[in-house]
Amino acid sequence: MGNDTIANMITSIRNANLGKIKTVRVPATNTTRDIAKILLREGFIEGFVDTQKHILILDLKYRGKKRKAYITALRRISKSGLRTYSNHKEIPKVLGGMGIVILSTSGGIMTDREARQKKIGGELLCYVW
């Protein structure tokens, strides 16, 4: 049984959101770095730091006095036991386009909008909304 770093990252972010914790430490791999870049670009996190000890420190984003998280939900789609692939025409839209789907394509890891624009399909990694 291998390590699923994407599932570990998603679970860590989800747990931190429940506890309203500001920072999350996740293992740094090329995939988790790319996902963190997408989350930063889409405005779901404030920033991230890549330490020299192969750890990513993510700064989660909250709003208001009640500290409501910007990331409402994260869901892993493609798992190690059951991979899920889609062509560019069949990539699902999350909440009518309000959320994003993160894909692993031949052109790298990207959002559903970028994949549709480039007409590239790939493995559906996770939903974020």
# chains A, B, ... in the order shown; residues from 1 in each chain; ligands from 1

call {"tool": "select_by_dssp", "arguments": {"residues": "chain A", "states": "alpha helix (DSSP H)", "output": "MDAnalysis selection string"}}
result
chainID A and resid 5:18 30:41 112:118

call {"tool": "closest_atom_pairs", "arguments": {"of": "region 25-51 of chain A", "to": "region 91-103 of chain A", "cutoff": "12 Å", "atoms": "only C-alpha atoms", "output": "tab-separated table"}}
result
residue	atom	partner	partner_atom	distance
A:Thr31	CA	A:Leu103	CA	10.6
A:Thr32	CA	A:Ile102	CA	11.4
A:Asp34	CA	A:Ile102	CA	9.9
A:Ile35	CA	A:Ile102	CA	7.6
A:Ala36	CA	A:Ile102	CA	10.8
A:Lys37	CA	A:Ile102	CA	11.2
A:Ile38	CA	A:Ile102	CA	8.2
A:Leu39	CA	A:Ile102	CA	9.4
A:Arg41	CA	A:Ile100	CA	11.7
A:Glu42	CA	A:Ile100	CA	8.7
A:Gly43	CA	A:Gly99	CA	11.2
A:Phe44	CA	A:Gly99	CA	10.3

call {"tool": "atom_distance", "arguments": {"atom1": "CA of Gly81 (chain A)", "atom2": "CA of Leu60 (chain A)"}}
result
29.4 Å

call {"tool": "residues_around", "arguments": {"residues": "region 114-124 of chain A", "least_positions_apart": "2", "cutoff": "6 Å", "atoms": "only C-alpha atoms", "output": "list of chain:residue names"}}
result
A:Ser78, A:Thr84, A:Tyr85, A:Ser86, A:Asn87, A:His88, A:Leu103, A:Ser104, A:Thr105, A:Thr111, A:Asp112

call {"tool": "closest_atom_pairs", "arguments": {"of": "region 53-128 of chain A", "to": "region 13-18 of chain A", "cutoff": "8 Å", "atoms": "only C-alpha atoms", "output": "CSV"}}
result
residue,atom,partner,partner_atom,distance
A:Leu60,CA,A:Asn17,CA,7.9
A:Ala69,CA,A:Asn17,CA,6.2
A:Ile71,CA,A:Asn17,CA,7.7
A:Ala73,CA,A:Arg14,CA,7.3
A:Leu74,CA,A:Arg14,CA,6.9

call {"tool": "residues_around", "arguments": {"residues": "Tyr70 (chain A)", "least_positions_apart": "2", "cutoff": "7 Å", "atoms": "only C-alpha atoms", "output": "list in words"}}
result
Phe44, Lys61, Tyr62, Lys68 and Thr72 of chain A

call {"tool": "write_last_selection", "arguments": {"atoms": "C-alpha atoms", "output": "PDB file, in the first residue's frame"}}
result
ATOM      1  CA  PHE A  44      -8.523  29.428  -1.913  1.00  0.00           C
ATOM      2  CA  LYS A  61      -7.743  31.780   4.059  1.00  0.00           C
ATOM      3  CA  TYR A  62     -10.672  32.729   6.309  1.00  0.00           C
ATOM      4  CA  LYS A  68     -15.500  31.090   7.660  1.00  0.00           C
ATOM      5  CA  THR A  72     -16.037  24.893   1.701  1.00  0.00           C
TER       6      THR A  72
END

call {"tool": "closest_residue", "arguments": {"among": "A:Arg67, A:Arg113, A:Arg76, A:Lys22", "to": "Lys89 (chain A)", "atoms": "only C-alpha atoms"}}
result
A:Arg113

call {"tool": "residues_around", "arguments": {"residues": "Arg33 (chain A)", "least_positions_apart": "3", "cutoff": "12 Å", "atoms": "only C-alpha atoms", "output": "ChimeraX atom specification"}}
result
/A:5-6,9,26-30,36-40,47-51,54-58,108-110

call {"tool": "write_last_selection", "arguments": {"atoms": "N, CA, C and O atoms", "output": "short mmCIF file (atom, residue, chain, number, x, y, z; two decimals), in the first residue's frame"}}
result
data_model
loop_
_atom_site.label_atom_id
_atom_site.label_comp_id
_atom_site.auth_asym_id
_atom_site.auth_seq_id
_atom_site.Cartn_x
_atom_site.Cartn_y
_atom_site.Cartn_z
N THR A 5 -0.19 11.10 -1.37
CA THR A 5 0.12 12.43 -0.86
C THR A 5 -1.00 13.43 -1.14
O THR A 5 -1.20 14.35 -0.36
N ILE A 6 -1.72 13.23 -2.24
CA ILE A 6 -2.83 14.14 -2.55
C ILE A 6 -3.95 13.96 -1.53
O ILE A 6 -4.50 14.94 -1.02
N MET A 9 -2.91 15.55 1.70
CA MET A 9 -3.00 17.01 1.62
C MET A 9 -4.46 17.45 1.79
O MET A 9 -4.75 18.37 2.54
N VAL A 26 2.13 19.87 4.93
CA VAL A 26 1.91 18.68 4.12
C VAL A 26 3.23 18.28 3.46
O VAL A 26 4.10 19.12 3.26
N PRO A 27 3.39 17.00 3.11
CA PRO A 27 4.60 16.58 2.41
C PRO A 27 4.72 17.26 1.05
O PRO A 27 3.73 17.40 0.34
N ALA A 28 5.91 17.70 0.72
CA ALA A 28 6.13 18.41 -0.54
C ALA A 28 6.54 17.43 -1.63
O ALA A 28 7.58 16.78 -1.54
N THR A 29 5.69 17.30 -2.63
CA THR A 29 6.02 16.57 -3.84
C THR A 29 5.71 17.51 -5.00
O THR A 29 5.13 18.58 -4.81
N ASN A 30 6.10 17.13 -6.19
CA ASN A 30 5.79 17.98 -7.35
C ASN A 30 4.29 18.17 -7.52
O ASN A 30 3.83 19.26 -7.84
N ALA A 36 -0.98 23.25 -4.75
CA ALA A 36 -0.90 24.45 -3.91
C ALA A 36 -0.84 25.71 -4.77
O ALA A 36 -1.47 26.72 -4.44
N LYS A 37 -0.11 25.66 -5.88
CA LYS A 37 -0.05 26.82 -6.79
C LYS A 37 -1.43 27.13 -7.37
O LYS A 37 -1.81 28.29 -7.49
N ILE A 38 -2.18 26.09 -7.72
CA ILE A 38 -3.53 26.28 -8.26
C ILE A 38 -4.45 26.86 -7.19
O ILE A 38 -5.21 27.79 -7.45
N LEU A 39 -4.38 26.32 -5.97
CA LEU A 39 -5.22 26.84 -4.89
C LEU A 39 -4.90 28.30 -4.59
O LEU A 39 -5.79 29.10 -4.32
N LEU A 40 -3.63 28.67 -4.68
CA LEU A 40 -3.23 30.07 -4.47
C LEU A 40 -3.75 30.95 -5.60
O LEU A 40 -4.32 32.02 -5.36
N GLY A 47 -1.27 31.70 0.80
CA GLY A 47 0.08 31.48 0.29
C GLY A 47 0.62 30.16 0.78
O GLY A 47 -0.03 29.44 1.54
N PHE A 48 1.82 29.84 0.33
CA PHE A 48 2.48 28.62 0.81
C PHE A 48 3.98 28.82 0.75
O PHE A 48 4.49 29.63 -0.02
N VAL A 49 4.67 28.09 1.63
CA VAL A 49 6.13 28.14 1.71
C VAL A 49 6.64 26.72 1.51
O VAL A 49 6.15 25.78 2.13
N ASP A 50 7.65 26.58 0.66
CA ASP A 50 8.27 25.29 0.41
C ASP A 50 9.56 25.25 1.22
O ASP A 50 10.53 25.94 0.89
N THR A 51 9.59 24.49 2.31
CA THR A 51 10.77 24.43 3.16
C THR A 51 11.80 23.48 2.55
O THR A 51 11.51 22.73 1.63
N HIS A 54 11.43 19.22 2.65
CA HIS A 54 10.38 18.55 1.86
C HIS A 54 9.02 18.66 2.53
O HIS A 54 8.27 17.69 2.58
N ILE A 55 8.71 19.85 3.04
CA ILE A 55 7.42 20.12 3.65
C ILE A 55 6.86 21.40 3.06
O ILE A 55 7.58 22.39 2.93
N LEU A 56 5.58 21.39 2.71
CA LEU A 56 4.88 22.59 2.28
C LEU A 56 4.08 23.12 3.46
O LEU A 56 3.38 22.36 4.12
N ILE A 57 4.18 24.41 3.71
CA ILE A 57 3.37 25.04 4.75
C ILE A 57 2.35 25.93 4.04
O ILE A 57 2.72 26.92 3.42
N LEU A 58 1.08 25.54 4.12
CA LEU A 58 0.00 26.27 3.47
C LEU A 58 -0.65 27.23 4.46
O LEU A 58 -0.92 26.84 5.59
N GLY A 108 0.48 18.93 -17.77
CA GLY A 108 0.72 19.28 -16.37
C GLY A 108 -0.58 19.31 -15.59
O GLY A 108 -1.65 19.01 -16.10
N ILE A 109 -0.48 19.70 -14.33
CA ILE A 109 -1.65 19.78 -13.47
C ILE A 109 -2.30 21.14 -13.69
O ILE A 109 -1.64 22.16 -13.66
N MET A 110 -3.63 21.12 -13.95
CA MET A 110 -4.34 22.36 -14.26
C MET A 110 -5.79 22.26 -13.81
O MET A 110 -6.26 21.20 -13.43
#

call {"tool": "atom_distance", "arguments": {"atom1": "CA of Cys126 (chain A)", "atom2": "CA of Arg25 (chain A)"}}
result
18.9 Å

call {"tool": "closest_residue", "arguments": {"among": "A:Lys66, A:Arg75, A:Lys20, A:Arg83", "to": "Tyr127 (chain A)", "atoms": "only C-alpha atoms"}}
result
A:Arg75

call {"tool": "closest_residue", "arguments": {"among": "A:Asp59, A:Lys65, A:Asn3, A:Ser80", "to": "Val24 (chain A)", "atoms": "only C-alpha atoms"}}
result
A:Asp59

call {"tool": "atom_distance", "arguments": {"atom1": "CA of Leu125 (chain A)", "atom2": "CA of Ala7 (chain A)"}}
result
9.4 Å

call {"tool": "decode", "arguments": {"residues": "region 31-48 of chain A", "atoms": "N, CA and C atoms", "output": "PDB file, in the first residue's frame"}}
result
ATOM      1  N   THR A  31       3.522  17.109  -7.271  1.00  0.00           N
ATOM      2  CA  THR A  31       2.077  17.186  -7.416  1.00  0.00           C
ATOM      3  C   THR A  31       1.465  18.108  -6.369  1.00  0.00           C
ATOM      4  N   THR A  32       1.860  17.970  -5.106  1.00  0.00           N
ATOM      5  CA  THR A  32       1.280  18.823  -4.060  1.00  0.00           C
ATOM      6  C   THR A  32       1.695  20.278  -4.254  1.00  0.00           C
ATOM      7  N   ARG A  33       2.895  20.518  -4.768  1.00  0.00           N
ATOM      8  CA  ARG A  33       3.316  21.894  -5.078  1.00  0.00           C
ATOM      9  C   ARG A  33       2.428  22.500  -6.158  1.00  0.00           C
ATOM     10  N   ASP A  34       2.157  21.721  -7.200  1.00  0.00           N
ATOM     11  CA  ASP A  34       1.312  22.210  -8.293  1.00  0.00           C
ATOM     12  C   ASP A  34      -0.121  22.464  -7.818  1.00  0.00           C
ATOM     13  N   ILE A  35      -0.639  21.593  -6.966  1.00  0.00           N
ATOM     14  CA  ILE A  35      -1.983  21.791  -6.428  1.00  0.00           C
ATOM     15  C   ILE A  35      -2.008  23.040  -5.551  1.00  0.00           C
ATOM     16  N   ALA A  36      -0.976  23.248  -4.754  1.00  0.00           N
ATOM     17  CA  ALA A  36      -0.902  24.451  -3.908  1.00  0.00           C
ATOM     18  C   ALA A  36      -0.840  25.710  -4.774  1.00  0.00           C
ATOM     19  N   LYS A  37      -0.114  25.663  -5.881  1.00  0.00           N
ATOM     20  CA  LYS A  37      -0.055  26.818  -6.791  1.00  0.00           C
ATOM     21  C   LYS A  37      -1.433  27.128  -7.372  1.00  0.00           C
ATOM     22  N   ILE A  38      -2.178  26.086  -7.722  1.00  0.00           N
ATOM     23  CA  ILE A  38      -3.527  26.279  -8.264  1.00  0.00           C
ATOM     24  C   ILE A  38      -4.447  26.856  -7.192  1.00  0.00           C
ATOM     25  N   LEU A  39      -4.382  26.319  -5.968  1.00  0.00           N
ATOM     26  CA  LEU A  39      -5.218  26.838  -4.888  1.00  0.00           C
ATOM     27  C   LEU A  39      -4.902  28.300  -4.593  1.00  0.00           C
ATOM     28  N   LEU A  40      -3.630  28.671  -4.676  1.00  0.00           N
ATOM     29  CA  LEU A  40      -3.227  30.069  -4.470  1.00  0.00           C
ATOM     30  C   LEU A  40      -3.749  30.946  -5.601  1.00  0.00           C
ATOM     31  N   ARG A  41      -3.573  30.505  -6.829  1.00  0.00           N
ATOM     32  CA  ARG A  41      -4.005  31.275  -7.998  1.00  0.00           C
ATOM     33  C   ARG A  41      -5.520  31.471  -8.024  1.00  0.00           C
ATOM     34  N   GLU A  42      -6.261  30.462  -7.582  1.00  0.00           N
ATOM     35  CA  GLU A  42      -7.726  30.539  -7.583  1.00  0.00           C
ATOM     36  C   GLU A  42      -8.276  31.240  -6.346  1.00  0.00           C
ATOM     37  N   GLY A  43      -7.424  31.606  -5.400  1.00  0.00           N
ATOM     38  CA  GLY A  43      -7.847  32.376  -4.235  1.00  0.00           C
ATOM     39  C   GLY A  43      -8.367  31.558  -3.069  1.00  0.00           C
ATOM     40  N   PHE A  44      -8.066  30.268  -3.018  1.00  0.00           N
ATOM     41  CA  PHE A  44      -8.523  29.428  -1.913  1.00  0.00           C
ATOM     42  C   PHE A  44      -7.586  29.468  -0.713  1.00  0.00           C
ATOM     43  N   ILE A  45      -6.304  29.777  -0.935  1.00  0.00           N
ATOM     44  CA  ILE A  45      -5.350  29.906   0.166  1.00  0.00           C
ATOM     45  C   ILE A  45      -4.617  31.241   0.032  1.00  0.00           C
ATOM     46  N   GLU A  46      -4.026  31.704   1.148  1.00  0.00           N
ATOM     47  CA  GLU A  46      -3.301  32.976   1.119  1.00  0.00           C
ATOM     48  C   GLU A  46      -1.898  32.831   0.551  1.00  0.00           C
ATOM     49  N   GLY A  47      -1.267  31.700   0.796  1.00  0.00           N
ATOM     50  CA  GLY A  47       0.081  31.484   0.292  1.00  0.00           C
ATOM     51  C   GLY A  47       0.618  30.161   0.780  1.00  0.00           C
ATOM     52  N   PHE A  48       1.816  29.836   0.330  1.00  0.00           N
ATOM     53  CA  PHE A  48       2.479  28.624   0.808  1.00  0.00           C
ATOM     54  C   PHE A  48       3.978  28.822   0.751  1.00  0.00           C
TER      55      PHE A  48
END
